[in-house]
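This report refers to the structure that appears directly beneath it.
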4 protein chains.
Amino acid sequence: MKIAFAGLGNMGEPIARNLLKAGNELTVYNRTRARAEPLGKEGAKIADKPAGLMPADAVFTMLADDGAVEGVVFGPGGLIETMPKGAIHLSLSTISVALSKRLAAAHAAKGQGYVAAPVFGRPEAAAAQKLFVVAAGAPAEHERVKPLLEAISQRIFTIGADPSVANVVKLSGNFLIASVLESLGEAMALVRKYGVDPHAYIEILTNTLFAAPVYKTYGAIIADEKYKPAGFALPLGLKDVKLALAAAEAMGAPMPLASMLRDHALTAIARGYGEHDWSVLAKLAAENAGLNGKTKVG
Amino acid sequence: MKIAFAGLGNMGEPIARNLLKAGNELTVYNRTRARAEPLGKEGAKIADKPAGLMPADAVFTMLADDGAVEGVVFGPGGLIETMPKGAIHLSLSTISVALSKRLAAAHAAKGQGYVAAPVFGRPEAAAAQKLFVVAAGAPAEHERVKPLLEAISQRIFTIGADPSVANVVKLSGNFLIASVLESLGEAMALVRKYGVDPHAYIEILTNTLFAAPVYKTYGAIIADEKYKPAGFALPLGLKDVKLALAAAEAMGAPMPLASMLRDHALTAIARGYGEHDWSVLAKLAAENAGLNGKTKVG
Amino acid sequence: MKIAFAGLGNMGEPIARNLLKAGNELTVYNRTRARAEPLGKEGAKIADKPAGLMPADAVFTMLADDGAVEGVVFGPGGLIETMPKGAIHLSLSTISVALSKRLAAAHAAKGQGYVAAPVFGRPEAAAAQKLFVVAAGAPAEHERVKPLLEAISQRIFTIGADPSVANVVKLSGNFLIASVLESLGEAMALVRKYGVDPHAYIEILTNTLFAAPVYKTYGAIIADEKYKPAGFALPLGLKDVKLALAAAEAMGAPMPLASMLRDHALTAIARGYGEHDWSVLAKLAAENAGLNGKTKVG
Amino acid sequence: MKIAFAGLGNMGEPIARNLLKAGNELTVYNRTRARAEPLGKEGAKIADKPAGLMPADAVFTMLADDGAVEGVVFGPGGLIETMPKGAIHLSLSTISVALSKRLAAAHAAKGQGYVAAPVFGRPEAAAAQKLFVVAAGAPAEHERVKPLLEAISQRIFTIGADPSVANVVKLSGNFLIASVLESLGEAMALVRKYGVDPHAYIEILTNTLFAAPVYKTYGAIIADEKYKPAGFALPLGLKDVKLALAAAEAMGAPMPLASMLRDHALTAIARGYGEHDWSVLAKLAAENAGLNGKTKVG
């Protein structure tokens with residue numbers, strides 16, 4: 001299969017590499033060409049602009065936000081203009097529900113396919129083929145691209161025929177993670193006030209009711225108070241919480257906890273934590289409780 | 001060892017049974033004597049009032065709230081009055097930090113020992129010896145009662161010498177569970193608005209980042225919308241959130257998410273859900289989004 | 001002066017009438033022509049489309065939302081296209097800060113003037129020439145239109161040269177009113193639970209520290225529980241709170257109380273109060289406290 | 001009439017003076033005797049302990065909090081013990097609803113009268129006889145003390161026969177004031193971000209919809225950012241918000257805005273503003289928006 005891939009960031013590059021390893025003929029595009037060079041050496045063709053990705057049977061996009069996706073898809077020489085009829089756009093990015101709907105309609109109008117397939121997992125998981133994919137799209141299209149998704153993930157969850165639903169699920173998942181950050185932050189501030197060692201505390205939680213990857217990963221970061229370098233920077237987390245709120249608002253659903261997360265993220269950025277990991281929400285909770293700097297445990 | 005046990009509710013009874021099975025000489029007390037009869041038949045002595053629990057080397061209490069503990073401990077013929085010097089009170093109940101501090105001081109003044117050992121787990125876990133214990137107390141006392149705690153749990157986490165710290169950790173844990181309920185409720189309302197099947201959604205969450213007991217147990221209840229019978233009734237959950245808030249307030253720590261949980265629990269009770277499981281917080285989130293009754297998924 | 005006026009709703013019509021009464025030559029436009037007929041009989045010319053408003057020295061717009069303003073200004077035959085150089089657009093509508101900035105830039109590019117002049121007051125105040133105007137724009141332009149603004153208001157507050165600032169102030173004002181509604185709703189629910197007569201309560205408040213129009217007007221509505229017909233419908237209030245949040249977010253400012261108001265408005269709409277006055281927020285507070293129907297005071 | 005007065009703080013002293021000026025025979029008590037000396041020189045008798053206040057027909061208390069009232073009323077030689085049958089206790093303090101109920105019951109059991117009469121107004125208003133009194137109690141008792149209340153206030157609002165209702169109304173009033181502080185703080189942060197002069201902004205508000213004493217007084221403090229010396233210190237404000245929450249909780253009513261105020265007050269104290277006026281909530285809002293120090297307006 002002839003495959004194209006746009007967006008070689010921390011997530012995109014290892015995903016593209018797995019597609020290459022799986023024996024596909026791959027053309028890649030990245031705004032900054034330098035990021036594409038390594039894959040070039042490994043056998044991928046490098047395109048200098050989106051139009052150069054064609055022809056292709058399937059085109060992946062893994063881009064930072066709505067704006068970047070719009071540029072590659074609707075811009076001059078973008079996918080809408082250049083993708084062959086019958087080719088399928090696999091959108092892995094975390095984008096708004098509204099844009100996903102717009103993509104679905106625009107591709108359909110051109111006889112092109114569109115499958116939304118956002119992923120859960122961090123760069124290490126991407127490299128190790130351990131991502132989780134939440135996919136939605138027309139069954140026939142989904143069936144055709146399934147082997148490609150298998151090549152980049154440990155498991156695929158198929159969630160329906162309307163692509164935008166996969167984006168809703170992805171956004172809700174990031175909201176749930178942010179909720180864990182806030183709740184852990186408040187809980188940790190409370191127990192620290194009583195002299196509990198943060199690491200001992202996380203040890204208890206993650207060996208009992210909260211034995212889940214998200215508590216382990218973020219519990220460790222929060223206990224260590226090691227919010228830099230950012231695995232997922234706070235402004236990106238804020239963006240996703242806002243997209244979840246927008247998706248909910250469009251359907252008349254309030255999400256008061258999401259509103260709180262949004263406000264705390266804005267506050268944390270105003271307080272200077274815009275380049276920290278989004279788990280820095282826990283630092284805000286600590287500071288609001290009068291805890292500054294590391295806990296001393298004697 | 002001569003052991004006494006006060007409080008044979010859904011949790012207390014199976015715990016007491018495990019102590020009996022482990023070969024201890026056991027005297028039990030319950031306000032309603034009928035609840036003690038089965039253990040009586042299995043070999044326990046039954047006391048008609050707290051004073052009848054003595055003499056004992058170790059006395060467990062597993063009671064509903066601060067008031068019940070105060071009655072058994074400070075009331076006429078209560079533990080403070082009747083426990084021998086050197087005997088140890090093991091408090092398993094979820095009580096306020098303030099009461100735990102008061103218990104520690106009162107027992108110390110009488111030369112009695114006191115170990116706070118609240119547990120995580122539901123009645124089934126108690127029966128199966130699968131509880132988690134968070135214990136705090138003077139090391140020598142803790143050492144002496146450790147075999148008893150081992151007889152009722154799968155693992156003991158020792159968290160320090162000040163007993164009240166174990167209570168803080170327990171309360172923070174219940175706060176974290178309640179946070180999961182709220183966040184799941186909001187997330188589920190969002191995805192239901194887009195037609196996602198709740199069970200498919202929980203399947204995704206609990207097989208990916210949220211593969212933890214708490215998400216599995218409560219995710220199933222929320223997806224099924226089966227809030228009765230209550231595993232843990234909403235007013236009890238509200239009580240614990242309020243105790244967490246009080247513990248935090250005593251140290252000058254705000255817990256905005258806990259405040260939200262408190263307000264939502266009060267609202268849910270006002271709306272008629274006072275006898276439902278505390279996961280009914282998710283039903284409130286659904287109703288506030290205009291979702292009533294079951295989602296139809298075609 | 002030759003004046004044009006677009007938007008003859010509950011507010012627009014009485015304002016336009018005052019301009020006519022002040023002796024101006026007036027041309028009016030309304031999407032539904034019927035609403036323009038009465039003014040036609042009183043001496044105004046009626047235009048069938050925005051282009052028909054020209055030529056004019058000053059053009060007022062008083063429209064429902066951003067979309068309506070965009071249509072009249074940027075649509076075919078809209079103000080940008082048809083306003084003479086040097087003519088001034090007076091925008092009275094409550095619109096987003098972003099749109100106000102866009103209007104300023106677009107008019108400037110065409111050599112047209114633009115003054116943002118949102119108003120505070122209800123239809124009765126508009127009819128009685130009792131509105132308050134918050135105006136911002138280039139001083140020379142502002143000076144020229146001042147007599148027009150005087151003809152429709154009891155007082156003009158000039159707030160700066162950047163028009164969008166007037167819109168920020170207007171949005172912040174509506175946020176403050178919504179805050180009053182929420183706080184009154186919660187306070188009233190509290191005192192009603194203790195049997196206090198709502199009217200006696202409002203009597204106390206508005207004769208002491210809260211002797212302000214907004215407490216009097218809304219206190220009476222809430223005490224009467226008379227949320228229909230809507231003076232200002234809840235969805236309009238929600239729209240303005242969202243615009244305030246958007247304006248704040250654009251500058252990195254969290255507004256947690258505004259977030260709460262947004263969530264409560266969404267909830268109230270989901271519960272069926274979408275056609276009620278925005279003070280129905282107080283009814284939501286009452287219901288969440290278990291109060292249904294009128295308080296009986298014996 | 002023989003009158004006694006306990007509590008000569010910022011509020012109590014000027015109130016007691018007005019009672020003296022009105023021609024009453026007055027005995028005063030204050031924990032720190034020095035504060036009583038000036039009134040002594042003006043003709044009052046000074047008691048060294050609460051018991052020394054007797055005999056009296058009416059006893060006023062104006063004390064800092066529940067604890068202080070409990071001491072004077074239930075302590076050794078306190079009012080319950082020493083007040084003659086038929087004498088009336090006039091409680092002006094802002095206390096909990098629970099304590100007010102307890103006072104009513106205790107006085108009734110001794111054949112003593114009890115009228116709750118909390119006041120609105122600051123020390124200047126107390127001195128100028130410009131307080132507002134919210135009074136509740138048995139009509140006959142209320143009738144007897146009415147002339148005394150008239151001597152200290154500009155207006156009395158009688159709210160019912162159950163004294164604790166007056167306390168609920170007082171607490172709800174302080175909650176409403178705190179809500180104004182939060183909303184003004186957020187609104188001011190928003191407009192400051194857009195360069196609006198805070199004083200000009202308050203000028204607009206207080207000359208239009210918000211022409212009320214509370215907006216004028218606090219708007220000026222917030223615009224000036226002059227939070228010290230404190231007219232009403234933040235911890236006192238926090239105390240009252242907590243009492244309102246407790247009163248609401250006792251009746252099953254959530255007050256989400258009160259919860260937010262509580263959390264913000266705790267945060268502000270943790271950030272070092274415990275000795276500032278409670279309007280420092282606005283400073284917290286400003287800081288959370290990234291505003292530090294004074295706005296510069298050119």
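Chain lettering (A, B, ...) mirrors the order of the structure tokens, residue numbering begins at 1 for each chain separately, and ligand numbering begins at 1 in order of display.
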request  = Hey, list the chain B side of the contact with chain A: 6 Å cut-off, only C-alpha atoms, answer as a ChimeraX atom specification.
outcome  = /B:172,186-187,190,209-214,248,253,255,289
Since we have the selection now, will you write its residues out, keeping all heavy atoms, as a short mmCIF file (atom, residue, chain, number, x, y, z; two decimals), in the first residue's frame?
data_model
loop_
_atom_site.label_atom_id
_atom_site.label_comp_id
_atom_site.auth_asym_id
_atom_site.auth_seq_id
_atom_site.Cartn_x
_atom_site.Cartn_y
_atom_site.Cartn_z
N SER B 172 -8.65 10.91 52.17
CA SER B 172 -8.19 11.38 50.86
C SER B 172 -8.50 10.33 49.80
O SER B 172 -8.81 10.66 48.65
CB SER B 172 -6.69 11.69 50.90
OG SER B 172 -5.94 10.49 50.76
N GLU B 186 -19.44 13.03 34.21
CA GLU B 186 -19.42 14.10 33.20
C GLU B 186 -18.97 13.57 31.84
O GLU B 186 -19.53 13.93 30.80
CB GLU B 186 -18.52 15.26 33.67
CG GLU B 186 -19.06 15.97 34.91
CD GLU B 186 -18.28 17.23 35.27
OE1 GLU B 186 -17.51 17.74 34.43
OE2 GLU B 186 -18.43 17.72 36.41
N ALA B 187 -17.95 12.73 31.86
CA ALA B 187 -17.44 12.18 30.60
C ALA B 187 -18.52 11.32 29.92
O ALA B 187 -18.73 11.41 28.71
CB ALA B 187 -16.19 11.35 30.86
N LEU B 190 -21.17 13.39 28.35
CA LEU B 190 -20.68 13.95 27.08
C LEU B 190 -20.78 12.93 25.96
O LEU B 190 -21.35 13.20 24.90
CB LEU B 190 -19.24 14.44 27.26
CG LEU B 190 -18.47 14.77 25.98
CD1 LEU B 190 -19.15 15.91 25.22
CD2 LEU B 190 -17.03 15.15 26.30
N LEU B 209 -5.88 3.49 29.72
CA LEU B 209 -5.22 4.23 30.79
C LEU B 209 -5.88 4.07 32.16
O LEU B 209 -5.29 4.39 33.17
CB LEU B 209 -5.23 5.73 30.45
CG LEU B 209 -4.46 6.11 29.19
CD1 LEU B 209 -4.70 7.58 28.88
CD2 LEU B 209 -2.98 5.84 29.40
N PHE B 210 -7.11 3.60 32.16
CA PHE B 210 -7.86 3.58 33.42
C PHE B 210 -8.17 2.16 33.86
O PHE B 210 -9.24 1.86 34.36
CB PHE B 210 -9.13 4.41 33.26
CG PHE B 210 -8.86 5.82 32.88
CD1 PHE B 210 -8.88 6.23 31.56
CD2 PHE B 210 -8.50 6.75 33.85
CE1 PHE B 210 -8.59 7.55 31.20
CE2 PHE B 210 -8.22 8.07 33.50
CZ PHE B 210 -8.26 8.46 32.17
N ALA B 211 -7.17 1.30 33.66
CA ALA B 211 -7.34 -0.11 34.00
C ALA B 211 -7.17 -0.32 35.50
O ALA B 211 -6.27 -1.02 35.95
CB ALA B 211 -6.33 -0.95 33.22
N ALA B 212 -8.05 0.30 36.29
CA ALA B 212 -7.93 0.19 37.74
C ALA B 212 -9.26 -0.28 38.31
O ALA B 212 -10.32 -0.01 37.73
CB ALA B 212 -7.57 1.54 38.34
N PRO B 213 -9.20 -0.96 39.45
CA PRO B 213 -10.44 -1.49 40.06
C PRO B 213 -11.54 -0.44 40.18
O PRO B 213 -12.70 -0.72 39.89
CB PRO B 213 -9.96 -1.94 41.44
CG PRO B 213 -8.51 -2.25 41.27
CD PRO B 213 -8.01 -1.29 40.23
N VAL B 214 -11.17 0.77 40.59
CA VAL B 214 -12.20 1.76 40.85
C VAL B 214 -12.95 2.14 39.58
O VAL B 214 -14.17 2.35 39.59
CB VAL B 214 -11.60 2.98 41.59
CG1 VAL B 214 -10.71 3.78 40.69
CG2 VAL B 214 -12.67 3.83 42.21
N ALA B 248 -8.83 19.21 55.71
CA ALA B 248 -8.06 20.17 54.91
C ALA B 248 -8.20 21.57 55.48
O ALA B 248 -7.22 22.30 55.62
CB ALA B 248 -8.52 20.13 53.45
N ALA B 253 -6.04 24.30 53.98
CA ALA B 253 -5.96 23.88 52.57
C ALA B 253 -7.33 23.89 51.92
O ALA B 253 -8.25 23.25 52.42
CB ALA B 253 -5.35 22.48 52.48
N MET B 255 -9.89 22.68 48.98
CA MET B 255 -9.99 21.53 48.07
C MET B 255 -11.20 21.78 47.18
O MET B 255 -12.28 21.23 47.41
CB MET B 255 -10.15 20.23 48.86
CG MET B 255 -8.91 19.83 49.64
SD MET B 255 -9.09 18.23 50.52
CE MET B 255 -9.02 17.05 49.17
N ALA B 289 -27.37 17.40 31.98
CA ALA B 289 -27.11 17.53 30.54
C ALA B 289 -28.36 17.23 29.73
O ALA B 289 -28.31 17.18 28.51
CB ALA B 289 -25.98 16.59 30.15
#
message = Among stretch 128-181 of chain A, which ones does DSSP assign to strand (DSSP E) (computed from the backbone)? Answer as a list of chain:residue names.
response = A:Leu131, A:Phe132, A:Val133, A:Val134, A:Ala135, A:Ser153, A:Gln154, A:Arg155, A:Ile156, A:Phe157, A:Thr158
Filtering to C-alpha atoms, could you give me those residues as a PDB file, in the first residue's frame?
ATOM      1  CA  LEU A 131      -0.692   2.854  21.492  1.00  0.00           C
ATOM      2  CA  PHE A 132      -4.411   2.441  21.872  1.00  0.00           C
ATOM      3  CA  VAL A 133      -6.457   3.585  18.897  1.00  0.00           C
ATOM      4  CA  VAL A 134     -10.079   4.733  19.081  1.00  0.00           C
ATOM      5  CA  ALA A 135     -11.381   4.548  15.530  1.00  0.00           C
ATOM      6  CA  SER A 153      -0.928   0.037  18.165  1.00  0.00           C
ATOM      7  CA  GLN A 154      -1.525  -2.689  20.663  1.00  0.00           C
ATOM      8  CA  ARG A 155      -5.286  -2.495  20.338  1.00  0.00           C
ATOM      9  CA  ILE A 156      -7.974  -0.814  18.280  1.00  0.00           C
ATOM     10  CA  PHE A 157     -11.355   0.172  19.672  1.00  0.00           C
ATOM     11  CA  THR A 158     -13.949   0.687  16.976  1.00  0.00           C
TER      12      THR A 158
END
query = Among stretch 71-233 of chain B, which ones does DSSP place in alpha helix (DSSP H), written as a PyMOL selection string?
reply = chain B and resi 71-74+79-82+97-109+123-127+139-150+163-193+198-206+213-224
ask   = Could you name the residues that touch B:Asp66 at 8 Å or less, counting only C-alpha atoms, but leaving out those on the same chain fewer than 2 positions away, as a PyMOL selection string?
value = chain B and resi 64+68-70+95-96+99
